[in-house]
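Dumped work.txt below, it's compact mmCIF, C-alpha atoms:
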```
# COMPACT_ATOMS: atom_id res chain seq x y z
CA MET A 793 -32.89 23.51 -22.04
CA LYS A 794 -30.48 21.38 -20.08
CA ILE A 795 -31.86 18.09 -18.79
CA GLU A 796 -29.86 16.07 -16.29
CA VAL A 797 -30.71 12.53 -15.21
CA LEU A 798 -29.14 11.66 -11.88
CA GLY A 799 -28.40 8.12 -10.81
CA SER A 800 -25.59 5.63 -10.44
CA GLY A 801 -26.80 3.59 -13.38
CA CYS A 802 -29.50 1.22 -12.15
CA ALA A 803 -32.38 0.22 -14.39
CA LYS A 804 -34.67 2.99 -13.17
CA CYS A 805 -32.13 5.67 -14.07
CA LYS A 806 -31.85 4.35 -17.63
CA LEU A 807 -35.60 4.28 -17.95
CA LEU A 808 -35.86 7.87 -16.72
CA ALA A 809 -33.26 8.99 -19.29
CA GLU A 810 -35.22 7.31 -22.09
CA ARG A 811 -38.47 8.89 -21.03
CA ALA A 812 -36.95 12.32 -20.53
CA GLU A 813 -35.56 12.18 -24.04
CA GLU A 814 -38.90 11.12 -25.49
CA ALA A 815 -40.72 13.86 -23.59
CA ALA A 816 -38.21 16.51 -24.66
CA ARG A 817 -38.42 15.48 -28.32
CA GLY A 818 -42.19 15.76 -28.12
CA LEU A 819 -41.88 19.36 -27.04
CA GLY A 820 -39.80 20.26 -30.07
CA THR A 821 -37.49 22.63 -28.22
CA GLU A 822 -33.71 22.45 -28.21
CA PHE A 823 -32.28 20.43 -25.38
CA THR A 824 -29.22 18.62 -24.14
CA LEU A 825 -29.50 15.50 -22.02
CA VAL A 826 -26.74 14.53 -19.63
CA LYS A 827 -26.52 11.49 -17.39
CA VAL A 828 -24.97 12.34 -14.04
CA THR A 829 -23.61 9.14 -12.55
CA GLU A 830 -20.90 10.18 -10.09
CA TYR A 831 -22.00 10.41 -6.48
CA PRO A 832 -20.36 13.80 -5.71
CA ASP A 833 -22.12 15.32 -8.71
CA ILE A 834 -25.46 13.83 -7.71
CA VAL A 835 -25.15 15.10 -4.17
CA ALA A 836 -24.05 18.54 -5.32
CA ARG A 837 -27.32 18.91 -7.22
CA GLY A 838 -29.36 18.37 -4.10
CA VAL A 839 -30.74 14.92 -4.84
CA MET A 840 -30.81 12.19 -2.21
CA SER A 841 -33.09 9.58 -3.73
CA THR A 842 -32.20 8.48 -7.23
CA PRO A 843 -33.24 8.55 -9.99
CA GLY A 844 -33.49 12.32 -10.14
CA LEU A 845 -34.52 14.69 -12.91
CA VAL A 846 -32.96 18.15 -12.98
CA VAL A 847 -33.97 20.72 -15.56
CA ASP A 848 -31.87 23.89 -15.94
CA GLY A 849 -30.53 23.38 -12.43
CA VAL A 850 -33.92 22.82 -10.77
CA VAL A 851 -34.82 19.45 -9.21
CA LYS A 852 -38.04 18.35 -10.90
CA SER A 853 -38.46 14.79 -9.69
CA GLN A 854 -36.61 12.32 -7.51
CA GLY A 855 -37.01 8.83 -6.14
CA HIS A 856 -39.38 7.63 -8.86
CA VAL A 857 -39.80 7.51 -12.62
CA PRO A 858 -42.65 9.74 -13.86
CA THR A 859 -44.57 8.99 -17.07
CA VAL A 860 -43.57 10.60 -20.32
CA ALA A 861 -46.65 12.82 -20.09
CA ALA A 862 -45.73 13.87 -16.56
CA ILE A 863 -42.15 14.61 -17.60
CA ARG A 864 -43.45 16.74 -20.47
CA GLU A 865 -45.34 18.84 -17.92
CA LEU A 866 -42.20 19.11 -15.78
CA LEU A 867 -40.19 20.32 -18.78
CA ARG A 868 -42.58 23.11 -19.75
CA MET B 1029 -22.36 0.25 -11.25
CA THR B 1030 -23.66 -3.20 -11.91
CA LEU B 1031 -23.76 -4.18 -8.27
CA ASP B 1032 -27.14 -2.79 -7.58
CA THR B 1033 -28.98 -4.50 -10.38
CA ASN B 1034 -30.07 -7.36 -8.20
CA SER B 1035 -29.62 -5.94 -4.78
CA CYS B 1036 -32.78 -3.97 -4.41
CA GLY B 1037 -36.34 -3.57 -5.48
CA CYS B 1038 -35.38 -0.74 -7.76
CA ALA B 1039 -33.55 -3.01 -10.16
CA GLY B 1040 -36.47 -3.89 -12.34
CA PRO B 1041 -37.95 -1.42 -14.74
CA ALA B 1042 -40.55 0.73 -13.11
CA PRO B 1043 -42.56 2.15 -15.91
CA VAL B 1044 -45.32 4.40 -14.76
CA SER B 1045 -47.58 4.58 -17.69
CA GLY B 1046 -50.95 3.58 -18.96
CA PRO B 1047 -54.28 4.20 -17.33
CA GLY B 1048 -55.22 7.55 -15.88
CA PHE B 1049 -57.16 8.19 -12.72
CA TRP B 1050 -60.59 6.89 -13.74
CA LYS B 1051 -59.36 3.96 -15.65
CA SER B 1052 -57.06 2.67 -12.91
CA GLY B 1053 -59.52 3.68 -10.21
CA GLY B 1054 -62.30 1.82 -11.99
CA TRP B 1055 -60.08 -1.17 -12.43
CA LEU B 1056 -59.49 -1.25 -8.67
CA LEU B 1057 -63.19 -0.94 -7.87
CA ALA B 1058 -63.94 -3.94 -10.04
CA ALA B 1059 -60.93 -5.88 -8.79
CA LEU B 1060 -61.73 -5.59 -5.10
CA PRO B 1061 -64.95 -7.69 -5.03
CA ALA B 1062 -63.33 -10.17 -7.41
CA TRP B 1063 -60.33 -10.44 -5.12
CA ILE B 1064 -62.52 -11.07 -2.06
CA ALA B 1065 -64.68 -13.63 -3.84
CA LEU B 1066 -61.64 -15.48 -5.12
CA TYR B 1067 -59.97 -15.40 -1.72
CA LEU B 1068 -63.04 -16.79 0.04
CA GLY B 1069 -63.36 -19.48 -2.59
CA LEU B 1070 -59.75 -20.65 -2.37
CA LYS B 1071 -60.25 -23.35 0.22
CA PRO B 1072 -63.17 -25.18 -1.47
CA MET B 1073 -61.45 -24.77 -4.85
CA ALA B 1074 -58.20 -26.22 -3.50
CA ASP B 1075 -59.99 -29.17 -1.93
CA TRP B 1076 -61.93 -29.79 -5.10
CA LEU B 1077 -58.75 -29.64 -7.17
CA ALA B 1078 -56.77 -31.98 -4.91
CA PHE B 1079 -59.41 -34.52 -3.97
CA HIS B 1080 -61.71 -34.40 -6.99
CA ALA B 1081 -59.83 -33.26 -10.06
CA PHE B 1082 -56.57 -35.01 -9.09
CA GLY B 1083 -58.49 -37.82 -7.39
CA LEU B 1084 -56.25 -37.90 -4.33
CA GLN B 1085 -57.37 -39.42 -1.05
CA PRO B 1086 -58.34 -36.94 1.71
CA GLY B 1087 -56.20 -37.69 4.75
CA SER B 1088 -53.44 -39.32 2.72
CA ARG B 1089 -49.95 -37.79 2.87
CA LEU B 1090 -49.83 -36.90 -0.80
CA GLY B 1091 -53.42 -35.64 -0.83
CA GLU B 1092 -52.89 -33.36 2.14
CA ALA B 1093 -49.57 -32.07 0.79
CA VAL B 1094 -51.13 -31.20 -2.57
CA ALA B 1095 -54.21 -29.66 -0.96
CA PHE B 1096 -51.93 -27.59 1.27
CA PHE B 1097 -49.93 -26.35 -1.71
CA VAL B 1098 -52.83 -25.46 -4.01
CA TYR B 1099 -54.50 -23.61 -1.12
CA ASP B 1100 -51.53 -21.91 0.52
CA GLY B 1101 -49.70 -20.86 -2.67
CA PRO B 1102 -52.46 -18.71 -4.18
CA LYS B 1103 -53.48 -17.49 -0.72
CA VAL B 1104 -50.03 -16.13 0.14
CA LEU B 1105 -49.59 -14.58 -3.32
CA MET B 1106 -52.99 -12.88 -3.17
CA LEU B 1107 -52.32 -11.50 0.28
CA LEU B 1108 -48.84 -10.39 -0.73
CA GLY B 1109 -50.23 -8.53 -3.74
CA ALA B 1110 -52.86 -6.75 -1.66
CA VAL B 1111 -50.45 -5.85 1.12
CA VAL B 1112 -47.70 -4.61 -1.19
CA LEU B 1113 -50.21 -2.50 -3.11
CA GLY B 1114 -51.46 -0.87 0.08
CA VAL B 1115 -48.01 -0.36 1.56
CA SER B 1116 -46.56 0.97 -1.70
CA PHE B 1117 -49.38 3.48 -1.93
CA VAL B 1118 -48.77 4.68 1.63
CA GLN B 1119 -45.03 4.81 0.95
CA THR B 1120 -45.51 7.37 -1.81
CA PHE B 1121 -46.28 9.76 1.04
CA ILE B 1122 -43.09 8.93 2.93
CA SER B 1123 -39.92 10.24 1.39
CA PRO B 1124 -36.37 9.75 2.64
CA GLU B 1125 -36.14 13.54 2.69
CA ARG B 1126 -38.89 13.80 5.28
CA THR B 1127 -37.37 11.03 7.37
CA ARG B 1128 -34.05 12.84 7.19
CA ASP B 1129 -35.52 16.19 8.27
CA LEU B 1130 -37.29 14.51 11.17
CA LEU B 1131 -34.09 12.79 12.29
CA ALA B 1132 -32.00 15.94 12.00
CA LYS B 1133 -34.08 17.47 14.79
CA HIS B 1134 -33.08 14.81 17.29
CA THR B 1135 -29.91 13.75 19.02
CA GLY B 1136 -28.70 11.00 21.32
CA ALA B 1137 -30.26 7.59 21.79
CA TRP B 1138 -33.68 8.91 20.81
CA SER B 1139 -32.44 9.70 17.30
CA ASN B 1140 -31.17 6.11 16.97
CA LEU B 1141 -34.48 4.62 18.03
CA LEU B 1142 -36.41 6.92 15.73
CA ALA B 1143 -34.09 6.10 12.81
CA ALA B 1144 -34.44 2.35 13.42
CA VAL B 1145 -38.24 2.58 13.49
CA LEU B 1146 -38.53 4.92 10.50
CA GLY B 1147 -36.26 2.55 8.59
CA ILE B 1148 -39.11 0.03 8.53
CA ALA B 1149 -41.48 2.25 6.57
CA THR B 1150 -39.23 4.55 4.53
CA PRO B 1151 -38.72 3.38 0.98
CA PHE B 1152 -35.06 2.51 0.58
CA CYS B 1153 -33.01 1.10 -2.22
CA SER B 1154 -29.36 0.24 -1.88
CA CYS B 1155 -28.50 1.98 -5.15
CA SER B 1156 -29.39 5.24 -3.38
CA ALA B 1157 -27.36 4.35 -0.28
CA VAL B 1158 -24.48 6.75 -0.96
CA PRO B 1159 -26.46 9.92 -1.80
CA LEU B 1160 -28.74 9.07 1.10
CA PHE B 1161 -25.87 8.61 3.51
CA ILE B 1162 -24.31 11.95 2.52
CA GLY B 1163 -27.67 13.68 2.56
CA PHE B 1164 -28.34 12.47 6.09
CA VAL B 1165 -24.92 13.33 7.48
CA ARG B 1166 -24.65 16.72 5.82
CA VAL B 1167 -27.94 18.12 7.09
CA GLY B 1168 -27.04 17.15 10.62
CA VAL B 1169 -28.52 13.73 11.24
CA PRO B 1170 -26.15 12.20 13.85
CA LEU B 1171 -23.79 9.62 12.32
CA GLY B 1172 -25.08 6.97 14.70
CA ALA B 1173 -28.69 7.58 13.68
CA THR B 1174 -27.70 7.37 10.01
CA PHE B 1175 -26.28 3.93 10.69
CA SER B 1176 -29.36 2.85 12.62
CA PHE B 1177 -31.37 3.75 9.52
CA LEU B 1178 -28.98 1.95 7.16
CA VAL B 1179 -29.26 -1.26 9.20
CA SER B 1180 -32.98 -1.21 9.75
CA ALA B 1181 -34.15 -0.15 6.26
CA PRO B 1182 -33.14 -3.28 4.31
CA MET B 1183 -33.48 -5.73 7.20
CA VAL B 1184 -36.94 -4.90 8.50
CA ASN B 1185 -39.37 -4.04 5.76
CA GLU B 1186 -42.98 -4.62 4.90
CA VAL B 1187 -42.39 -7.57 2.59
CA ALA B 1188 -40.28 -9.38 5.18
CA LEU B 1189 -42.85 -8.75 7.88
CA PHE B 1190 -45.71 -9.89 5.74
CA LEU B 1191 -44.01 -13.10 4.64
CA LEU B 1192 -42.94 -13.98 8.18
CA LEU B 1193 -46.47 -13.31 9.32
CA SER B 1194 -48.14 -15.46 6.70
CA LEU B 1195 -45.66 -18.33 6.79
CA PHE B 1196 -44.58 -18.48 10.43
CA GLY B 1197 -47.26 -16.60 12.35
CA TRP B 1198 -47.37 -13.31 14.22
CA ARG B 1199 -45.08 -14.37 17.02
CA ILE B 1200 -42.02 -14.88 14.82
CA ALA B 1201 -42.89 -11.80 12.72
CA LEU B 1202 -43.05 -9.69 15.86
CA LEU B 1203 -39.85 -11.16 17.30
CA TYR B 1204 -38.01 -10.50 14.06
CA THR B 1205 -39.24 -6.90 13.90
CA VAL B 1206 -38.50 -6.04 17.50
CA THR B 1207 -35.05 -7.60 17.54
CA GLY B 1208 -34.20 -6.23 14.07
CA VAL B 1209 -35.07 -2.72 15.25
CA ALA B 1210 -33.11 -3.38 18.46
CA VAL B 1211 -29.98 -4.43 16.55
CA ALA B 1212 -30.26 -1.31 14.34
CA PHE B 1213 -30.88 0.91 17.36
CA VAL B 1214 -28.02 -0.40 19.50
CA SER B 1215 -25.40 -0.74 16.77
CA GLY B 1216 -26.09 2.82 15.54
CA TRP B 1217 -25.96 4.09 19.10
CA ILE B 1218 -22.56 2.47 19.73
CA ILE B 1219 -21.16 3.86 16.47
CA GLY B 1220 -22.39 7.29 17.54
CA LYS B 1221 -20.68 6.92 20.91
CA LEU B 1222 -17.42 5.93 19.25
CA ARG B 1223 -17.32 9.34 17.50
CA MET B 1224 -16.10 8.00 14.20
CA GLU B 1225 -16.80 11.05 12.04
CA LYS B 1226 -13.08 11.33 11.26
CA HIS B 1227 -13.24 7.94 9.57
CA LEU B 1228 -15.57 9.15 6.87
CA GLU B 1229 -13.99 9.68 3.49
CA PRO B 1230 -13.09 13.40 3.50
CA TRP B 1231 -15.07 14.19 0.36
CA VAL B 1232 -18.29 13.30 2.16
CA LEU B 1233 -17.99 16.39 4.31
CA ASP B 1234 -16.07 18.60 1.88
CA ILE B 1235 -17.90 18.46 -1.41
CA PRO B 1236 -20.33 21.17 -2.36
CA PHE B 1237 -23.66 20.08 -1.08
CA GLU B 1238 -27.19 21.23 -1.43
CA ALA B 1239 -29.81 19.91 0.94
CA SER B 1240 -32.48 18.39 -1.23
CA THR B 1241 -36.04 19.14 -0.35
CA ALA B 1242 -38.95 16.75 -0.47
CA THR B 1243 -40.06 18.36 -3.72
CA GLY B 1244 -40.11 16.26 -6.83
CA GLY B 1245 -41.81 13.33 -5.16
CA PRO B 1246 -44.96 11.82 -6.59
CA ARG B 1247 -48.06 13.98 -6.41
CA GLY B 1248 -51.74 13.28 -6.91
CA PHE B 1249 -53.85 10.18 -6.41
CA SER B 1250 -53.48 8.80 -9.92
CA VAL B 1251 -49.69 9.10 -9.89
CA ARG B 1252 -49.47 7.45 -6.47
CA LEU B 1253 -51.77 4.63 -7.51
CA GLU B 1254 -49.80 4.00 -10.67
CA LEU B 1255 -46.55 3.92 -8.73
CA ALA B 1256 -48.08 1.53 -6.20
CA LEU B 1257 -49.41 -0.75 -8.94
CA GLN B 1258 -46.04 -0.76 -10.61
CA ALA B 1259 -44.23 -1.52 -7.36
CA THR B 1260 -46.66 -4.39 -6.74
CA LYS B 1261 -46.04 -5.79 -10.19
CA ASP B 1262 -42.28 -5.50 -9.70
CA ILE B 1263 -42.18 -7.07 -6.25
CA VAL B 1264 -44.71 -9.84 -6.75
CA GLY B 1265 -43.29 -10.54 -10.20
CA LYS B 1266 -39.88 -10.99 -8.67
CA VAL B 1267 -40.66 -12.97 -5.55
CA TRP B 1268 -43.46 -15.35 -6.57
CA PRO B 1269 -41.18 -18.22 -7.62
CA TYR B 1270 -39.37 -18.08 -4.26
CA ILE B 1271 -42.61 -18.08 -2.37
CA LEU B 1272 -44.05 -21.00 -4.33
CA ILE B 1273 -40.83 -22.98 -3.86
CA GLY B 1274 -40.94 -22.21 -0.16
CA ILE B 1275 -44.53 -23.35 0.15
CA ALA B 1276 -43.88 -26.44 -1.97
CA VAL B 1277 -41.04 -27.41 0.33
CA GLY B 1278 -43.25 -26.70 3.31
CA ALA B 1279 -46.03 -28.83 1.84
CA PHE B 1280 -43.62 -31.66 1.13
CA LEU B 1281 -42.14 -31.53 4.61
CA HIS B 1282 -45.69 -31.72 5.97
CA GLY B 1283 -45.48 -35.45 5.99
CA TYR B 1284 -42.35 -36.71 4.31
CA ALA B 1285 -38.92 -35.46 5.34
CA PRO B 1286 -37.16 -36.39 8.57
CA ALA B 1287 -37.38 -33.30 10.74
CA GLU B 1288 -34.13 -33.88 12.57
CA LEU B 1289 -31.77 -33.58 9.63
CA LEU B 1290 -30.23 -30.28 10.64
CA ALA B 1291 -30.78 -30.55 14.36
CA ARG B 1292 -27.24 -31.67 15.05
CA PHE B 1293 -25.64 -28.79 13.17
CA MET B 1294 -28.14 -26.01 13.63
CA GLY B 1295 -30.03 -27.09 16.70
CA LYS B 1296 -29.92 -25.42 20.09
CA SER B 1297 -27.19 -27.66 21.43
CA ALA B 1298 -24.67 -26.51 18.81
CA TRP B 1299 -23.90 -23.04 20.19
CA TRP B 1300 -21.39 -22.28 17.46
CA SER B 1301 -24.07 -22.60 14.81
CA VAL B 1302 -25.25 -19.01 15.43
CA PRO B 1303 -21.94 -17.25 14.71
CA LEU B 1304 -21.41 -19.65 11.83
CA ALA B 1305 -24.81 -18.83 10.34
CA VAL B 1306 -24.00 -15.11 10.56
CA LEU B 1307 -20.55 -15.61 9.07
CA VAL B 1308 -22.06 -17.47 6.15
CA GLY B 1309 -24.93 -15.00 5.83
CA VAL B 1310 -23.04 -11.69 5.76
CA PRO B 1311 -21.38 -12.00 2.34
CA LEU B 1312 -24.52 -13.48 0.81
CA TYR B 1313 -27.13 -11.19 -0.53
CA ALA B 1314 -30.78 -11.88 -1.01
CA ASN B 1315 -33.82 -9.85 -0.23
CA ALA B 1316 -36.27 -10.99 2.39
CA ALA B 1317 -38.48 -12.78 -0.09
CA GLY B 1318 -35.61 -14.84 -1.40
CA ILE B 1319 -34.32 -15.89 1.99
CA ILE B 1320 -37.57 -16.77 3.75
CA PRO B 1321 -38.16 -20.06 1.89
CA ILE B 1322 -34.66 -21.11 2.94
CA VAL B 1323 -35.43 -20.18 6.52
CA GLN B 1324 -38.56 -22.26 6.25
CA VAL B 1325 -36.53 -25.28 5.21
CA LEU B 1326 -33.97 -24.72 7.97
CA LEU B 1327 -36.67 -24.51 10.62
CA ALA B 1328 -38.58 -27.50 9.31
CA LYS B 1329 -35.46 -29.62 9.32
CA GLY B 1330 -34.60 -28.95 12.92
CA ALA B 1331 -32.60 -25.72 12.95
CA ALA B 1332 -33.12 -23.65 16.09
CA LEU B 1333 -35.23 -20.51 15.66
CA GLY B 1334 -32.46 -18.16 16.82
CA THR B 1335 -30.01 -19.66 14.36
CA ALA B 1336 -32.46 -19.35 11.46
CA LEU B 1337 -33.44 -15.76 12.28
CA ALA B 1338 -29.81 -14.73 12.74
CA PHE B 1339 -29.07 -16.18 9.32
CA MET B 1340 -31.93 -14.20 7.78
CA MET B 1341 -30.85 -10.96 9.44
CA ALA B 1342 -27.25 -11.41 8.32
CA VAL B 1343 -28.28 -12.05 4.72
CA THR B 1344 -30.73 -9.15 4.43
CA GLY B 1345 -29.05 -6.60 6.71
CA LEU B 1346 -25.44 -6.90 5.63
CA SER B 1347 -24.16 -7.74 2.22
CA LEU B 1348 -21.05 -7.63 0.08
CA PRO B 1349 -22.51 -5.34 -2.61
CA GLU B 1350 -23.67 -2.83 -0.03
CA THR B 1351 -20.28 -2.96 1.69
CA VAL B 1352 -18.57 -2.16 -1.60
CA ILE B 1353 -20.94 0.75 -2.18
CA LEU B 1354 -20.48 2.11 1.35
CA ARG B 1355 -16.70 1.90 1.06
CA LYS B 1356 -16.97 5.00 -1.14
CA VAL B 1357 -18.08 7.09 1.82
CA MET B 1358 -16.32 5.49 4.77
CA ARG B 1359 -12.79 4.39 5.52
CA PRO B 1360 -12.01 0.75 6.24
CA VAL B 1361 -11.90 1.29 10.01
CA LEU B 1362 -15.44 2.64 10.11
CA LEU B 1363 -16.70 0.06 7.64
CA ALA B 1364 -15.19 -2.78 9.67
CA THR B 1365 -16.56 -1.35 12.91
CA PHE B 1366 -20.00 -1.09 11.36
CA LEU B 1367 -19.95 -4.66 10.01
CA GLY B 1368 -18.48 -6.00 13.25
CA ILE B 1369 -20.99 -4.35 15.57
CA VAL B 1370 -24.00 -5.33 13.50
CA ALA B 1371 -22.75 -8.91 13.11
CA VAL B 1372 -22.16 -9.24 16.85
CA GLY B 1373 -25.63 -7.79 17.49
CA ILE B 1374 -27.20 -10.38 15.20
CA VAL B 1375 -25.27 -13.19 16.88
CA LEU B 1376 -26.52 -12.03 20.29
CA VAL B 1377 -30.10 -12.01 18.99
CA GLY B 1378 -29.61 -15.57 17.75
CA PHE B 1379 -28.30 -16.71 21.14
CA LEU B 1380 -31.12 -14.94 22.94
CA PHE B 1381 -33.78 -16.77 20.93
CA ASN B 1382 -32.08 -20.10 21.28
CA VAL B 1383 -31.99 -19.67 25.04
CA LEU B 1384 -35.51 -18.28 25.39
CA MET B 1385 -37.52 -20.43 23.01
```
Represent the structure from my file as structure tokens, please.
Amino acid sequence: MKIEVLGSGCAKCKLLAERAEEAARGLGTEFTLVKVTEYPDIVARGVMSTPGLVVDGVVKSQGHVPTVAAIRELLR
Amino acid sequence: MTLDTNSCGCAGPAPVSGPGFWKSGGWLLAALPAWIALYLGLKPMADWLAFHAFGLQPGSRLGEAVAFFVYDGPKVLMLLGAVVLGVSFVQTFISPERTRDLLAKHTGAWSNLLAAVLGIATPFCSCSAVPLFIGFVRVGVPLGATFSFLVSAPMVNEVALFLLLSLFGWRIALLYTVTGVAVAFVSGWIIGKLRMEKHLEPWVLDIPFEASTATGGPRGFSVRLELALQATKDIVGKVWPYILIGIAVGAFLHGYAPAELLARFMGKSAWWSVPLAVLVGVPLYANAAGIIPIVQVLLAKGAALGTALAFMMAVTGLSLPETVILRKVMRPVLLATFLGIVAVGIVLVGFLFNVLM
């Protein structure tokens, strides 16, 4: 599973990365987590409001930081 | 990027965690009557505190100033909390993606007006300014309308409106809103007419792009409520010191300070004070909550209304950090045109008020 956290580096993006990691660990599956911070890369993934969460190329959340439990659901 | 850490409401941590639907819903149900009871009891409590507990004389300068502060401070904070909670909840239904799709269907002056008005309600954070800008332009929102949105979104927002309303009354709040929207509308319209698409950085139009959809936004009552609660905590937590300082200054000025201190420099007769206020205000950055106490001081000390409002618009609407961020997507010519047109618009608004009021 490839998890990407999109955002230019503001506090919300960091928080989302932490939560995504926690949620993914809880699932016990293999995953890689990448922070996408460059604007062209963010735009190319189809996200306009940061922070965004992209899992295996699919936009799962954007513009807000979901709870760890909610992220776990999004990762399933 | 470190620029955006203090330039928008998204800087603070926004943890969405804790209580589920029933727990947070129940909390609200209990909090509402308590809120109303407390609000209704503020005035007698403040009078008791000032004139009984502190033993100050009713009608004396100090007594009235203290009574004003211990009444107005909690009142404004309670109202702010309630309003931000409500607005934040409603805002979870409004996404920039939906605003964008709506705008992409329109052209001409109408698109500028719509963009300026939607900018009031659409949640916006300057750390998203670049992806948002590209997203708008690439799906076909006219460049001018995109600018109208970029001007209106930070300048006219619910917190600014609410604070103006509670501290200065509905007349000034309405004036600020209408003229703020007008500046956003007209400056975006002019930029559209100038056909400046060629002054965008080429990558904006060239890079691979996928139009994001409104999916991935918050869903469900409990999630929305949690987000709204968190936003309220963030905003009120950040702005309360400014508000209390503003009210304290207001309370003090009630009876003490000479009101004509600034009249010579920022009064109606000094016409150059408006462009000067804008010139000083543009590089500064503060959000509406931070700047309003300063505006309160300026007004109380004899600054003309137009000068004070122009200063506020310049500080909130244009800023150095945002300029640096936007430089990534537009060439200097376009950036300078944008700053110039908006600044001139704000100056004109300042003059208009100084002449009319």
Counting only C-alpha atoms, which residues of chain A come no farther than 8 Å from chain B, as a compact mmCIF listing (two decimals) with C-alpha atoms, keeping the file's coordinate frame?
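Final file, result_30.txt:
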```txt
# COMPACT_ATOMS: atom_id res chain seq x y z
CA SER A 800 -25.59 5.63 -10.44
CA GLY A 801 -26.80 3.59 -13.38
CA CYS A 802 -29.50 1.22 -12.15
CA ALA A 803 -32.38 0.22 -14.39
CA LYS A 804 -34.67 2.99 -13.17
CA LEU A 807 -35.60 4.28 -17.95
CA TYR A 831 -22.00 10.41 -6.48
CA PRO A 832 -20.36 13.80 -5.71
CA ILE A 834 -25.46 13.83 -7.71
CA VAL A 835 -25.15 15.10 -4.17
CA ALA A 836 -24.05 18.54 -5.32
CA ARG A 837 -27.32 18.91 -7.22
CA GLY A 838 -29.36 18.37 -4.10
CA VAL A 839 -30.74 14.92 -4.84
CA MET A 840 -30.81 12.19 -2.21
CA SER A 841 -33.09 9.58 -3.73
CA THR A 842 -32.20 8.48 -7.23
CA VAL A 851 -34.82 19.45 -9.21
CA LYS A 852 -38.04 18.35 -10.90
CA SER A 853 -38.46 14.79 -9.69
CA GLN A 854 -36.61 12.32 -7.51
CA GLY A 855 -37.01 8.83 -6.14
CA HIS A 856 -39.38 7.63 -8.86
CA VAL A 857 -39.80 7.51 -12.62
CA PRO A 858 -42.65 9.74 -13.86
CA THR A 859 -44.57 8.99 -17.07
CA VAL A 860 -43.57 10.60 -20.32
```
Just give me the gap between CA of Ala1210 (chain B) and CA of Gly1136 (chain B) in Å, one decimal is fine. 15.3 Å
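Using only C-alpha atoms, the shortest contact distance between Gly820 (chain A) and any of A:Val850, A:Leu866, A:Met793, A:Cys805 is found at A:Met793.
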Find the distance between CA of Pro1303 (chain B) and CA of Leu1326 (chain B) and write it in Å to one decimal. 15.7 Å
Point-to-point distance from CA of Val1375 (chain B) to CA of Ala1316 (chain B), Å rounded to tenths: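 Interatomic distance, CA of Val1375 (chain B) to CA of Ala1316 (chain B): 18.3 Å.
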Enclose the full set of atoms of region 811-824 of chain A listed in the file within a box whose edges lie along x, y and z, apply 5 Å of padding to each of the six sides, and report centre and edge lengths in Å to one decimal as lines of an AutoDock Vina configuration file.
```
center_x = -35.7
center_y = 15.8
center_z = -25.3
size_x = 23.0
size_y = 23.7
size_z = 19.5
```
So that I can see what lies close to Ala815 (chain A), please list as a list in words the residues with an atom at most 7 Å from it, counting all atoms listed in the file and leaving out residues fewer than 4 positions away in the same chain. Arg811, Leu819, Val860, Ala861, Ile863 and Arg864 of chain A
Name the residues within 7 Å of (-30.0, 10.6, -13.4), counting all atoms listed in the file in the file's coordinates, and put them as a list in words.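 The residues near that point, listed by chain and number, are Glu796, Val797, Leu798, Gly799, Cys805, Ala809, Lys827, Val828, Thr829, Thr842, Pro843, Gly844 and Leu845 of chain A.
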Find the spatial neighbours of region 1336-1348 of chain B, counting all atoms listed in the file, within a cut-off of 8 Å - ignore same-chain residues fewer than 4 positions away - and output them as a compact mmCIF listing (two decimals) with C-alpha atoms, in the frame of the given file.
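Once everything was written out, this is out20.txt:
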```txt
# COMPACT_ATOMS: atom_id res chain seq x y z
CA VAL B 1179 -29.26 -1.26 9.20
CA SER B 1180 -32.98 -1.21 9.75
CA PRO B 1182 -33.14 -3.28 4.31
CA MET B 1183 -33.48 -5.73 7.20
CA TYR B 1204 -38.01 -10.50 14.06
CA GLY B 1208 -34.20 -6.23 14.07
CA VAL B 1302 -25.25 -19.01 15.43
CA ALA B 1305 -24.81 -18.83 10.34
CA VAL B 1306 -24.00 -15.11 10.56
CA LEU B 1307 -20.55 -15.61 9.07
CA VAL B 1308 -22.06 -17.47 6.15
CA GLY B 1309 -24.93 -15.00 5.83
CA VAL B 1310 -23.04 -11.69 5.76
CA PRO B 1311 -21.38 -12.00 2.34
CA LEU B 1312 -24.52 -13.48 0.81
CA TYR B 1313 -27.13 -11.19 -0.53
CA ALA B 1314 -30.78 -11.88 -1.01
CA ASN B 1315 -33.82 -9.85 -0.23
CA ALA B 1316 -36.27 -10.99 2.39
CA ILE B 1319 -34.32 -15.89 1.99
CA ILE B 1320 -37.57 -16.77 3.75
CA VAL B 1323 -35.43 -20.18 6.52
CA LEU B 1326 -33.97 -24.72 7.97
CA LEU B 1327 -36.67 -24.51 10.62
CA ALA B 1331 -32.60 -25.72 12.95
CA ALA B 1332 -33.12 -23.65 16.09
CA VAL B 1352 -18.57 -2.16 -1.60
CA LEU B 1367 -19.95 -4.66 10.01
CA ALA B 1371 -22.75 -8.91 13.11
CA ILE B 1374 -27.20 -10.38 15.20
CA VAL B 1375 -25.27 -13.19 16.88
CA VAL B 1377 -30.10 -12.01 18.99
CA GLY B 1378 -29.61 -15.57 17.75
```
Name the residues in contact with region 1225-1228 of chain B at a cut-off of 9 Å, using only C-alpha atoms, excluding same-chain residues fewer than 3 positions from it; report them as a CSV table (one decimal) with C-alpha atoms, keeping the file's coordinate frame.
```csv
chain,number,residue,atom,x,y,z
B,1171,LEU,CA,-23.8,9.6,12.3
B,1220,GLY,CA,-22.4,7.3,17.5
B,1222,LEU,CA,-17.4,5.9,19.2
B,1231,TRP,CA,-15.1,14.2,0.4
B,1232,VAL,CA,-18.3,13.3,2.2
B,1233,LEU,CA,-18.0,16.4,4.3
B,1357,VAL,CA,-18.1,7.1,1.8
B,1358,MET,CA,-16.3,5.5,4.8
B,1359,ARG,CA,-12.8,4.4,5.5
B,1360,PRO,CA,-12.0,0.8,6.2
B,1361,VAL,CA,-11.9,1.3,10.0
B,1362,LEU,CA,-15.4,2.6,10.1
B,1363,LEU,CA,-16.7,0.1,7.6
```
